[in-house]
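What's in data08.cif: mmCIF, C-alpha atoms
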```cif
data_data
loop_
_atom_site.label_atom_id
_atom_site.label_comp_id
_atom_site.auth_asym_id
_atom_site.auth_seq_id
_atom_site.Cartn_x
_atom_site.Cartn_y
_atom_site.Cartn_z
CA MET A 25 53.49 -7.24 -29.10
CA SER A 26 51.99 -9.24 -31.95
CA SER A 27 49.80 -6.35 -33.15
CA GLU A 28 52.78 -4.05 -33.75
CA PRO A 29 53.58 -5.35 -37.25
CA ARG A 30 49.92 -4.78 -38.20
CA HIS A 31 50.11 -1.16 -37.04
CA GLN A 32 53.51 -0.70 -38.63
CA ALA A 33 52.15 -1.99 -41.94
CA LEU A 34 49.30 0.55 -41.78
CA ILE A 35 51.70 3.35 -40.87
CA ASP A 36 53.89 2.40 -43.87
CA THR A 37 50.83 2.46 -46.15
CA LEU A 38 49.66 5.82 -44.83
CA GLY A 39 53.20 7.18 -45.12
CA ALA A 40 53.32 6.07 -48.76
CA GLU A 41 50.01 7.85 -49.42
CA LEU A 42 51.08 11.08 -47.69
CA THR A 43 50.58 14.24 -49.66
CA PRO A 44 51.00 17.83 -48.42
CA VAL A 45 47.72 19.27 -47.11
CA ARG A 46 46.38 22.79 -46.84
CA ARG A 47 45.73 23.50 -43.18
CA LEU A 48 42.23 24.39 -42.13
CA PRO A 49 41.98 28.13 -41.40
CA PRO A 50 41.19 28.97 -37.74
CA PRO A 51 37.50 28.66 -36.73
CA TRP A 52 37.01 32.43 -36.30
CA LEU A 53 38.18 33.03 -39.86
CA ARG A 54 35.90 30.34 -41.27
CA ALA A 55 32.98 31.75 -39.25
CA PHE A 56 33.84 35.21 -40.59
CA GLY A 57 33.66 33.89 -44.15
CA TRP A 58 30.17 32.51 -43.56
CA LEU A 59 29.10 35.75 -41.84
CA LEU A 60 30.25 37.66 -44.92
CA VAL A 61 27.66 35.76 -46.97
CA VAL A 62 24.99 36.72 -44.40
CA ALA A 63 26.23 40.34 -44.55
CA ALA A 64 25.97 40.30 -48.35
CA ILE A 65 22.33 39.17 -48.13
CA ALA A 66 21.70 41.85 -45.49
CA ALA A 67 23.23 44.48 -47.80
CA ALA A 68 20.95 43.37 -50.64
CA LEU A 69 17.88 43.54 -48.39
CA LEU A 70 18.91 46.97 -47.04
CA MET A 71 19.34 48.25 -50.59
CA HIS A 72 15.85 47.06 -51.39
CA TYR A 73 14.02 48.14 -48.25
CA GLY A 74 16.26 50.98 -47.07
CA THR A 75 17.48 51.56 -43.54
CA ALA A 76 15.01 54.30 -42.57
CA PRO A 77 11.98 52.14 -41.57
CA MET A 78 14.18 49.86 -39.47
CA LEU A 79 15.92 52.76 -37.71
CA ARG A 80 12.56 54.47 -37.07
CA ARG A 81 11.20 51.28 -35.48
CA TRP A 82 14.30 50.98 -33.29
CA ALA A 83 14.15 54.61 -32.22
CA GLY A 84 10.51 54.25 -31.21
CA ALA A 85 10.92 50.90 -29.48
CA PRO A 86 14.52 50.24 -28.33
CA ASP A 87 13.62 46.68 -27.25
CA LEU A 88 13.36 45.81 -30.97
CA ALA A 89 16.93 47.08 -31.45
CA TRP A 90 18.11 45.06 -28.46
CA ALA A 91 16.38 41.95 -29.80
CA ALA A 92 18.03 42.49 -33.20
CA ALA A 93 21.42 42.98 -31.51
CA GLY A 94 20.84 39.72 -29.60
CA ALA A 95 20.00 37.88 -32.82
CA VAL A 96 23.12 39.22 -34.56
CA LEU A 97 25.29 38.30 -31.55
CA THR A 98 23.75 34.81 -31.46
CA THR A 99 24.46 34.41 -35.17
CA ALA A 100 28.15 35.31 -34.82
CA CYS A 101 28.72 33.28 -31.65
CA ALA A 102 26.85 30.18 -32.85
CA ALA A 103 28.77 30.23 -36.14
CA TRP A 104 32.12 30.59 -34.34
CA ALA A 105 31.20 27.81 -31.90
CA ALA A 106 30.09 25.49 -34.72
CA PHE A 107 33.38 25.94 -36.58
CA ALA A 108 35.35 25.53 -33.33
CA LEU A 109 33.56 22.25 -32.55
CA GLY A 110 34.42 21.10 -36.06
CA VAL A 111 38.06 20.81 -35.03
CA PRO A 112 39.08 17.76 -32.95
CA GLY A 113 40.26 18.51 -29.44
CA ARG A 114 38.43 21.79 -28.91
CA SER A 115 36.56 22.06 -25.65
CA ARG A 116 32.87 21.24 -25.75
CA ALA A 117 32.34 24.37 -23.62
CA TRP A 118 32.35 26.22 -26.98
CA ALA A 119 28.73 25.11 -27.36
CA TRP A 120 27.75 27.64 -24.64
CA LEU A 121 29.22 30.65 -26.47
CA PRO A 122 25.92 31.71 -28.11
CA LEU A 123 24.07 31.65 -24.76
CA PRO A 124 24.48 35.35 -23.76
CA GLY A 125 23.40 36.54 -27.21
CA ALA A 126 20.45 34.14 -27.21
CA LEU A 127 19.35 35.36 -23.76
CA LEU A 128 19.47 38.97 -24.95
CA TRP A 129 17.53 38.07 -28.09
CA ILE A 130 14.83 36.09 -26.26
CA GLY A 131 14.67 38.47 -23.30
CA ALA A 132 14.32 41.64 -25.38
CA SER A 133 11.76 39.98 -27.65
CA GLY A 134 9.78 38.87 -24.61
CA LEU A 135 9.93 42.31 -22.99
CA GLY A 136 8.70 43.83 -26.24
CA CYS A 137 5.46 41.89 -25.85
CA LEU A 138 4.82 43.69 -22.54
CA ARG A 139 5.02 47.11 -24.16
CA THR A 140 1.72 49.02 -24.32
CA TRP A 141 2.52 51.20 -27.34
CA LEU A 142 3.17 50.20 -30.94
CA ALA A 143 6.56 50.79 -32.56
CA PRO A 144 6.40 53.38 -35.40
CA GLY A 145 5.36 52.03 -38.79
CA THR A 146 4.30 48.63 -37.46
CA SER A 147 1.16 46.73 -36.68
CA VAL A 148 0.47 43.61 -34.68
CA ALA A 149 0.68 40.70 -37.06
CA SER A 150 -2.32 38.46 -37.56
CA LEU A 151 -1.76 34.73 -37.47
CA HIS A 152 -1.73 34.66 -41.28
CA GLN A 153 0.80 37.52 -41.47
CA SER A 154 3.10 35.95 -38.91
CA THR A 155 3.19 32.81 -41.07
CA ASP A 156 5.14 34.96 -43.55
CA CYS A 157 7.82 35.37 -40.84
CA LEU A 158 7.95 31.59 -40.42
CA VAL A 159 8.36 31.08 -44.16
CA PHE A 160 11.02 33.83 -44.31
CA ILE A 161 13.13 32.39 -41.47
CA ILE A 162 12.92 28.82 -42.79
CA SER A 163 13.59 29.83 -46.42
CA PHE A 164 16.73 31.77 -45.54
CA SER A 165 17.89 29.16 -43.04
CA ILE A 166 17.97 26.36 -45.60
CA PRO A 167 20.72 27.78 -47.85
CA LEU A 168 22.64 29.24 -44.89
CA SER A 169 22.59 25.87 -43.09
CA ALA A 170 23.56 24.04 -46.27
CA LEU A 171 26.53 26.36 -46.79
CA MET A 172 27.76 25.95 -43.23
CA ILE A 173 27.38 22.16 -43.32
CA LEU A 174 29.32 22.11 -46.59
CA LEU A 175 32.11 24.15 -44.97
CA LEU A 176 32.07 22.01 -41.82
CA ARG A 177 32.37 18.80 -43.79
CA ARG A 178 35.91 19.84 -44.67
CA ALA A 179 36.66 19.81 -40.95
CA CYS A 180 36.04 16.87 -38.62
CA PRO A 181 33.13 17.46 -36.23
CA LEU A 182 33.51 14.69 -33.67
CA ARG A 183 30.21 15.68 -32.06
CA PRO A 184 28.09 16.00 -35.20
CA ILE A 185 24.67 16.50 -33.59
CA ARG A 186 25.85 19.18 -31.18
CA THR A 187 27.60 20.91 -34.07
CA ALA A 188 24.47 20.61 -36.23
CA ILE A 189 22.36 22.20 -33.48
CA LEU A 190 24.76 25.17 -33.50
CA VAL A 191 24.51 25.30 -37.31
CA GLY A 192 20.73 25.47 -36.95
CA LEU A 193 20.93 28.16 -34.28
CA ALA A 194 23.37 30.25 -36.34
CA SER A 195 21.25 29.95 -39.49
CA ALA A 196 17.96 30.65 -37.73
CA ALA A 197 19.41 33.62 -35.83
CA ALA A 198 20.91 34.96 -39.06
CA SER A 199 17.55 34.63 -40.81
CA ALA A 200 15.76 36.35 -37.91
CA SER A 201 18.35 39.16 -38.08
CA LEU A 202 17.73 39.53 -41.81
CA LEU A 203 13.98 39.53 -41.19
CA GLU A 204 14.44 42.52 -38.87
CA ILE A 205 15.34 44.63 -41.92
CA CYS A 206 11.90 44.18 -43.45
CA HIS A 207 9.80 43.26 -40.42
CA ALA A 208 6.81 45.59 -40.30
CA TYR A 209 5.19 43.88 -37.33
CA ASP A 210 5.60 44.87 -33.70
CA ALA A 211 6.62 42.47 -30.98
CA ALA A 212 3.59 40.44 -29.90
CA ALA A 213 2.93 37.01 -28.49
CA THR A 214 1.82 35.51 -31.84
CA ASP A 215 4.81 36.97 -33.67
CA LEU A 216 7.23 35.88 -30.96
CA LEU A 217 5.78 32.35 -30.94
CA THR A 218 6.02 32.14 -34.73
CA HIS A 219 9.67 33.20 -34.63
CA ALA A 220 10.38 30.70 -31.84
CA LEU A 221 8.62 27.96 -33.81
CA ALA A 222 10.64 28.77 -36.95
CA VAL A 223 13.92 28.72 -35.00
CA ALA A 224 12.95 25.43 -33.34
CA ILE A 225 12.08 23.86 -36.71
CA VAL A 226 15.40 24.95 -38.23
CA ILE A 227 17.40 23.64 -35.25
CA ALA A 228 15.49 20.33 -35.15
CA ALA A 229 15.88 19.81 -38.91
CA ASN A 230 19.61 20.49 -38.64
CA ALA A 231 19.99 18.13 -35.69
CA ALA A 232 18.14 15.40 -37.59
CA MET A 233 19.76 15.79 -41.01
CA GLY A 234 22.87 17.88 -40.41
CA GLY A 235 24.09 15.48 -37.74
CA ARG A 236 24.05 12.70 -40.29
CA LEU A 237 25.68 14.84 -42.97
CA LEU A 238 28.44 15.91 -40.60
CA SER A 239 29.25 12.49 -39.17
CA ARG A 240 31.98 10.82 -41.13
CA ARG A 241 33.74 7.58 -40.42
CA MET B 3 52.83 28.74 -20.71
CA SER B 4 50.79 25.81 -19.58
CA LEU B 5 51.37 22.62 -21.43
CA LEU B 6 49.53 19.34 -21.16
CA THR B 7 51.75 16.33 -20.74
CA THR B 8 51.29 13.05 -22.54
CA ASP B 9 50.29 11.29 -19.33
CA THR B 10 47.60 13.72 -18.35
CA VAL B 11 46.04 14.66 -21.63
CA TRP B 12 43.95 11.55 -22.10
CA VAL B 13 42.59 11.81 -18.58
CA LEU B 14 41.66 15.43 -19.15
CA TYR B 15 40.25 14.74 -22.59
CA ASP B 16 36.61 15.27 -23.60
CA GLY B 17 35.58 18.09 -21.42
CA ILE B 18 36.60 16.63 -18.06
CA ALA B 19 38.80 19.68 -18.26
CA PRO B 20 39.19 21.97 -21.27
CA PRO B 21 41.77 19.98 -23.19
CA SER B 22 43.37 21.92 -25.94
CA ASP B 23 42.11 25.46 -26.00
CA ARG B 24 45.53 26.46 -24.92
CA ARG B 25 48.37 27.23 -27.20
CA VAL B 26 51.48 25.12 -27.57
CA HIS B 27 54.28 26.89 -29.36
CA VAL B 28 56.17 24.53 -31.59
CA SER B 29 58.66 24.93 -34.36
CA ALA B 30 60.85 22.63 -36.37
CA ASP B 31 63.51 23.12 -33.69
CA ASN B 32 61.19 21.53 -31.15
CA ALA B 33 61.60 18.21 -32.88
CA ASN B 34 65.13 17.84 -31.51
CA ALA B 35 66.04 15.53 -28.69
CA ASP B 36 65.60 18.16 -25.95
CA ALA B 37 61.96 18.79 -26.76
CA SER B 38 59.22 17.20 -24.69
CA PRO B 39 57.52 14.20 -26.34
CA GLU B 40 54.39 16.24 -26.99
CA ARG B 41 56.24 19.10 -28.62
CA ARG B 42 58.19 16.61 -30.69
CA ARG B 43 54.98 15.02 -31.91
CA ALA B 44 53.46 18.44 -32.65
CA ALA B 45 56.50 19.41 -34.72
CA TRP B 46 56.46 16.07 -36.57
CA MET B 47 52.78 16.44 -37.39
CA ALA B 48 53.35 19.99 -38.64
CA ALA B 49 56.11 18.65 -40.89
CA ALA B 50 53.82 15.80 -41.99
CA GLN B 51 51.21 18.33 -43.09
CA ALA B 52 53.84 19.72 -45.40
CA GLY B 53 54.45 16.24 -46.83
CA ASP B 54 57.40 14.97 -44.70
CA ARG B 55 56.92 11.19 -44.78
CA VAL B 56 59.61 10.38 -42.21
CA ALA B 57 58.12 12.81 -39.68
CA TYR B 58 54.66 11.42 -40.41
CA GLU B 59 55.64 7.81 -39.81
CA ARG B 60 57.43 8.85 -36.62
CA VAL B 61 54.48 10.74 -35.21
CA LEU B 62 52.07 7.90 -36.02
CA ALA B 63 54.34 5.30 -34.43
CA ASP B 64 54.76 7.59 -31.42
CA SER B 65 50.97 7.95 -31.13
CA LEU B 66 50.14 4.26 -30.65
CA ALA B 67 50.59 4.26 -26.84
CA LEU B 68 48.51 7.40 -26.44
CA ILE B 69 45.69 5.97 -28.56
CA ARG B 70 45.70 2.77 -26.48
CA ASN B 71 45.59 4.85 -23.26
CA VAL B 72 42.56 6.76 -24.50
CA ALA B 73 40.84 3.51 -25.55
CA ARG B 74 41.56 1.95 -22.14
CA HIS B 75 40.22 5.07 -20.47
CA HIS B 76 36.95 4.47 -22.36
CA ARG B 77 36.99 0.83 -21.15
CA VAL B 78 37.43 -0.64 -24.61
CA PRO B 79 37.92 -4.44 -24.26
CA VAL B 80 41.56 -5.52 -24.60
CA ASP B 81 40.86 -7.53 -27.75
CA ALA B 82 39.39 -4.43 -29.44
CA LEU B 83 42.22 -2.01 -28.54
CA ASP B 84 44.11 -2.68 -31.76
CA ASP B 85 41.01 -2.04 -33.84
CA VAL B 86 40.64 1.36 -32.16
CA VAL B 87 44.31 2.05 -32.93
CA GLN B 88 43.81 1.19 -36.61
CA GLU B 89 40.61 3.21 -36.95
CA THR B 90 42.24 6.19 -35.23
CA LEU B 91 45.29 6.06 -37.52
CA LEU B 92 43.01 6.02 -40.56
CA THR B 93 41.00 8.98 -39.24
CA VAL B 94 44.18 10.92 -38.40
CA HIS B 95 45.31 10.38 -41.99
CA ARG B 96 42.02 11.63 -43.40
CA VAL B 97 41.71 14.72 -41.20
CA ARG B 98 45.38 15.62 -40.74
CA HIS B 99 44.67 19.04 -42.28
CA THR B 100 42.54 19.94 -39.22
CA TYR B 101 45.53 19.89 -36.85
CA ASP B 102 46.68 23.36 -35.84
CA PRO B 103 50.41 23.26 -34.95
CA ALA B 104 49.84 26.13 -32.51
CA ARG B 105 47.82 23.76 -30.32
CA SER B 106 48.33 20.49 -28.50
CA TYR B 107 48.84 17.51 -30.80
CA ASP B 108 48.04 15.10 -28.00
CA ALA B 109 44.66 16.70 -27.24
CA TRP B 110 43.83 16.65 -30.97
CA LEU B 111 44.78 12.98 -31.23
CA ALA B 112 43.05 12.06 -27.95
CA ALA B 113 39.77 13.58 -29.17
CA ILE B 114 39.90 11.50 -32.38
CA ALA B 115 40.91 8.33 -30.51
CA GLY B 116 38.14 8.92 -27.95
CA ARG B 117 35.53 9.21 -30.70
CA ARG B 118 36.78 6.04 -32.41
CA ALA B 119 36.74 4.23 -29.03
CA ILE B 120 33.11 5.25 -28.47
CA ASP B 121 32.22 4.13 -32.01
CA MET B 122 33.90 0.80 -31.32
CA LEU B 123 31.99 0.34 -28.06
CA ARG B 124 28.69 1.21 -29.74
CA GLY B 125 29.37 -1.22 -32.57
CA HIS B 126 30.37 -3.86 -30.03
CA GLY B 127 27.14 -3.28 -28.05
CA ARG B 128 25.02 -3.53 -31.18
CA ARG B 129 26.69 -6.79 -32.22
CA GLN B 130 26.23 -8.29 -28.76
CA ARG B 131 22.53 -7.50 -28.78
CA ARG B 132 22.09 -8.99 -32.23
CA GLU B 133 24.27 -12.09 -32.04
CA THR B 134 24.52 -15.04 -29.64
CA HIS B 135 28.01 -15.83 -28.47
CA ASP B 136 29.28 -19.28 -29.62
CA GLU B 137 29.60 -20.68 -26.09
CA PHE B 138 26.17 -19.47 -25.02
CA ALA B 139 24.69 -20.82 -28.21
CA PHE B 140 26.17 -24.28 -27.48
CA GLU B 141 25.03 -24.29 -23.84
CA GLN B 142 21.59 -22.97 -24.46
CA LEU B 143 20.70 -24.38 -27.81
CA ALA B 144 22.52 -27.73 -28.17
CA GLY B 145 20.06 -30.65 -28.06
CA HIS B 146 17.12 -28.36 -28.57
CA GLU B 147 15.36 -28.80 -31.82
CA ASP B 148 13.35 -26.44 -33.78
CA ALA B 149 9.99 -27.24 -35.33
CA SER B 150 11.41 -28.20 -38.72
CA ALA B 151 13.81 -30.76 -37.17
CA VAL B 152 10.98 -32.37 -35.17
CA SER B 153 8.81 -32.59 -38.25
CA GLU B 154 11.67 -34.07 -40.29
CA ARG B 155 12.23 -36.79 -37.68
CA ALA B 156 8.53 -37.65 -37.65
CA GLN B 157 8.59 -38.00 -41.43
CA GLU B 158 11.66 -40.29 -41.30
CA ALA B 159 9.97 -42.53 -38.68
CA SER B 160 6.84 -42.79 -40.79
CA ARG B 161 8.90 -43.68 -43.89
CA LEU B 162 10.74 -46.38 -41.89
CA HIS B 163 7.50 -47.91 -40.64
CA ALA B 164 6.08 -47.95 -44.16
CA ALA B 165 9.26 -49.59 -45.50
CA ILE B 166 9.14 -52.29 -42.78
CA ALA B 167 5.47 -52.95 -43.52
CA GLY B 168 6.38 -53.47 -47.19
CA LEU B 169 8.95 -56.22 -46.45
CA PRO B 170 8.18 -59.94 -47.13
CA PRO B 171 6.64 -61.62 -44.02
CA GLY B 172 9.80 -63.53 -42.96
CA GLN B 173 12.02 -60.43 -43.17
CA ARG B 174 9.44 -58.23 -41.48
CA GLU B 175 9.21 -60.75 -38.63
CA ALA B 176 12.99 -60.75 -38.16
CA VAL B 177 13.15 -56.93 -38.02
CA GLU B 178 10.25 -56.71 -35.59
CA GLN B 179 11.66 -59.37 -33.25
CA LEU B 180 15.37 -58.51 -33.35
CA GLY B 181 15.29 -54.81 -34.21
CA LEU B 182 12.17 -53.17 -32.84
CA LYS B 183 11.48 -55.45 -29.87
CA GLU B 184 15.23 -55.97 -29.23
CA ARG B 185 14.87 -59.68 -28.51
CA SER B 186 17.81 -62.07 -28.53
CA LEU B 187 18.18 -64.61 -31.35
CA ALA B 188 17.10 -67.47 -29.00
CA GLU B 189 14.02 -65.59 -27.80
CA ALA B 190 13.07 -64.66 -31.36
CA ALA B 191 13.58 -68.28 -32.48
CA SER B 192 11.28 -69.65 -29.79
CA GLU B 193 8.71 -66.92 -30.46
CA THR B 194 8.57 -67.44 -34.24
CA GLY B 195 9.40 -71.14 -34.41
CA ARG B 196 12.21 -70.42 -36.93
CA ASN B 197 15.83 -71.38 -36.44
CA THR B 198 18.41 -68.73 -35.58
CA GLY B 199 20.23 -69.06 -38.92
CA ALA B 200 17.04 -68.28 -40.86
CA LEU B 201 16.35 -65.29 -38.59
CA LYS B 202 19.88 -63.91 -39.18
CA VAL B 203 19.59 -64.32 -42.95
CA ASN B 204 16.13 -62.68 -42.95
CA LEU B 205 17.41 -59.76 -40.81
CA HIS B 206 20.40 -59.27 -43.11
CA ARG B 207 18.16 -59.27 -46.20
CA ALA B 208 15.64 -56.99 -44.50
CA LEU B 209 18.29 -54.40 -43.53
CA LYS B 210 19.68 -54.46 -47.05
CA ALA B 211 16.21 -53.95 -48.51
CA LEU B 212 15.42 -51.13 -46.05
CA ARG B 213 18.68 -49.36 -46.85
CA GLY B 214 17.80 -49.61 -50.52
CA ARG B 215 14.31 -48.20 -50.01
CA LEU B 216 15.29 -45.39 -47.62
CA HIS B 217 18.57 -44.28 -49.16
CA GLY B 218 18.04 -45.34 -52.75
CA ASP B 219 21.03 -47.76 -52.91
CA SER B 220 20.36 -51.37 -53.76
#
```
Could you render the structure from this file as structure tokens?
Amino acid sequence: MSSEPRHQALIDTLGAELTPVRRLPPPWLRAFGWLLVVAAIAAALLMHYGTAPMLRRWAGAPDLAWAAAGAVLTTACAAWAAFALGVPGRSRAWAWLPLPGALLWIGASGLGCLRTWLAPGTSVASLHQSTDCLVFIISFSIPLSALMILLLRRACPLRPIRTAILVGLASAAASASLLEICHAYDAAATDLLTHALAVAIVIAANAAMGGRLLSRR
Amino acid sequence: MSLLTTDTVWVLYDGIAPPSDRRVHVSADNANADASPERRRAAWMAAAQAGDRVAYERVLADSLALIRNVARHHRVPVDALDDVVQETLLTVHRVRHTYDPARSYDAWLAAIAGRRAIDMLRGHGRRQRRETHDEFAFEQLAGHEDASAVSERAQEASRLHAAIAGLPPGQREAVEQLGLKERSLAEAASETGRNTGALKVNLHRALKALRGRLHGDS
């Protein structure tokens, strides 16, 4: 075939440029590295705020604990899925991994709104107070998303927008988990809507910008 | 152990069935003649990651057919297949560190080739929307003039009429009779009362003068 010499010439050039490469660590290990950063921030927040108020809230209203567990699970699964999708040839079914955690998170948060008593040490946030939650989630999501996109750029996400959506979900869920440490407001419709809005903003921003940052020719 | 074969991997690629989330155990020994083609490629690529140029060139050369199969599967036009091959080889070179030798090389390659095929099709679609194909352009646009061409022709006609009007009476008469009215020499001679020789000389001088006025040569 006439095109063979053209391909052979390229193969020769690439062969001449070959240098040994350091293999990408497996996705779970890379996700673990990113989660360590989240854990370090959590440790700093726990040192500042202490664990007692959080544990008291959870003891009084277990749905808050379930919602927090769902957010943490979503964080870990979305991060793992994002790093898995960053490797060519991995099944796109990885994108569904965070679904169970997200259902637990959303479901428990929604059920909390139906509760008729207030969790200990909390109040129902006013619209102004719940804006603080929005600012918290977005502020923590920005550096966490940036870090994950930086790490993913070393890989090769062939589906950049889907990967970026998972980056957004992981970052927003991580920020919501961190917020739980210092969240003095009980589950309520306004608070839940604010959290949902913050998560949606983070995911949309990642899909819009992260997709572009992750796509490489 | 389940192992995807070269023939099936590109059909299964891209989520039609989970392609490569299954482990393929390879070692340097797999690169021998007994090994399946896929295992051989996996072992070559693993060696290439360590800097083995011979193994690298072998695995790339051995990948060409698979890349073409993936591109055909995505209905890439025949004349663009080689571009997909080239783009895929370049991408493989850039992201060779992302290959995990514990997994299928063919599924890894097929995913990259599939993405490059889609990029090629998108680029092709964009170009087709933006550009008119040569043959269509000739069929649809030949003989049609745009506004500037029409205006230019009108200006040329007006310049020609002005130049004819500026000719001496004898020459102008010859041009009008023989050129514009397309009369024969005999008809023009009877019309003007001049002999044919004088008409010919006047026409010759008139054309020379017009050429000089319109094109600037004397």
For this session: Apply the PyMOL selection byres ((chain B) within 8 of (chain A)) to the displayed file and report the matching residues as a PyMOL selection string.
Result: chain B and resi 15-17+20-23+50-56+58-59+62-63+84+87-88+91-93+95+97-102+109-114+117
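What separates atom CA of Ala93 of chain A from atom CA of Ala170 of chain A is a distance of 24.1 Å.
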Problem set entry | Polymer residues at most 12 Å from Met71 of chain A, all atoms listed in the file, same-chain spacing of 5 or more positions, as a PyMOL selection string | chain A and resi 64-66+76+205-206
For this session: May I have the protein, DNA and RNA residues with any atom at most 12 Å from the point (12.5, -67.8, -36.8), counting all atoms listed in the file, written as a PyMOL selection string?
Result: chain B and resi 171-180+185-205
Problem set entry | Within 8 Å of segment 98-107 of chain A using all atoms listed in the file, minus same-chain residues under 2 positions, as a VMD selection string | chain A and resid 51 to 52 54 to 56 58 to 59 94 to 96 109 to 111 118 to 119 121 to 126 129 176 187 to 188 190 to 191 193 to 198
For this session: Rank B:Ala211, B:Ala164, B:Ala48, B:Val94 by their smallest atom-to-atom distance to Leu66 of chain B, using all atoms listed in the file, and report the top residue only.
Result: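 Of B:Ala211, B:Ala164, B:Ala48, B:Val94, the one nearest Leu66 of chain B is B:Val94, counting all atoms listed in the file.
From atom CA of Arg207 of chain B back to atom CA of Arg155 of chain B, the distance works out to 24.8 Å.
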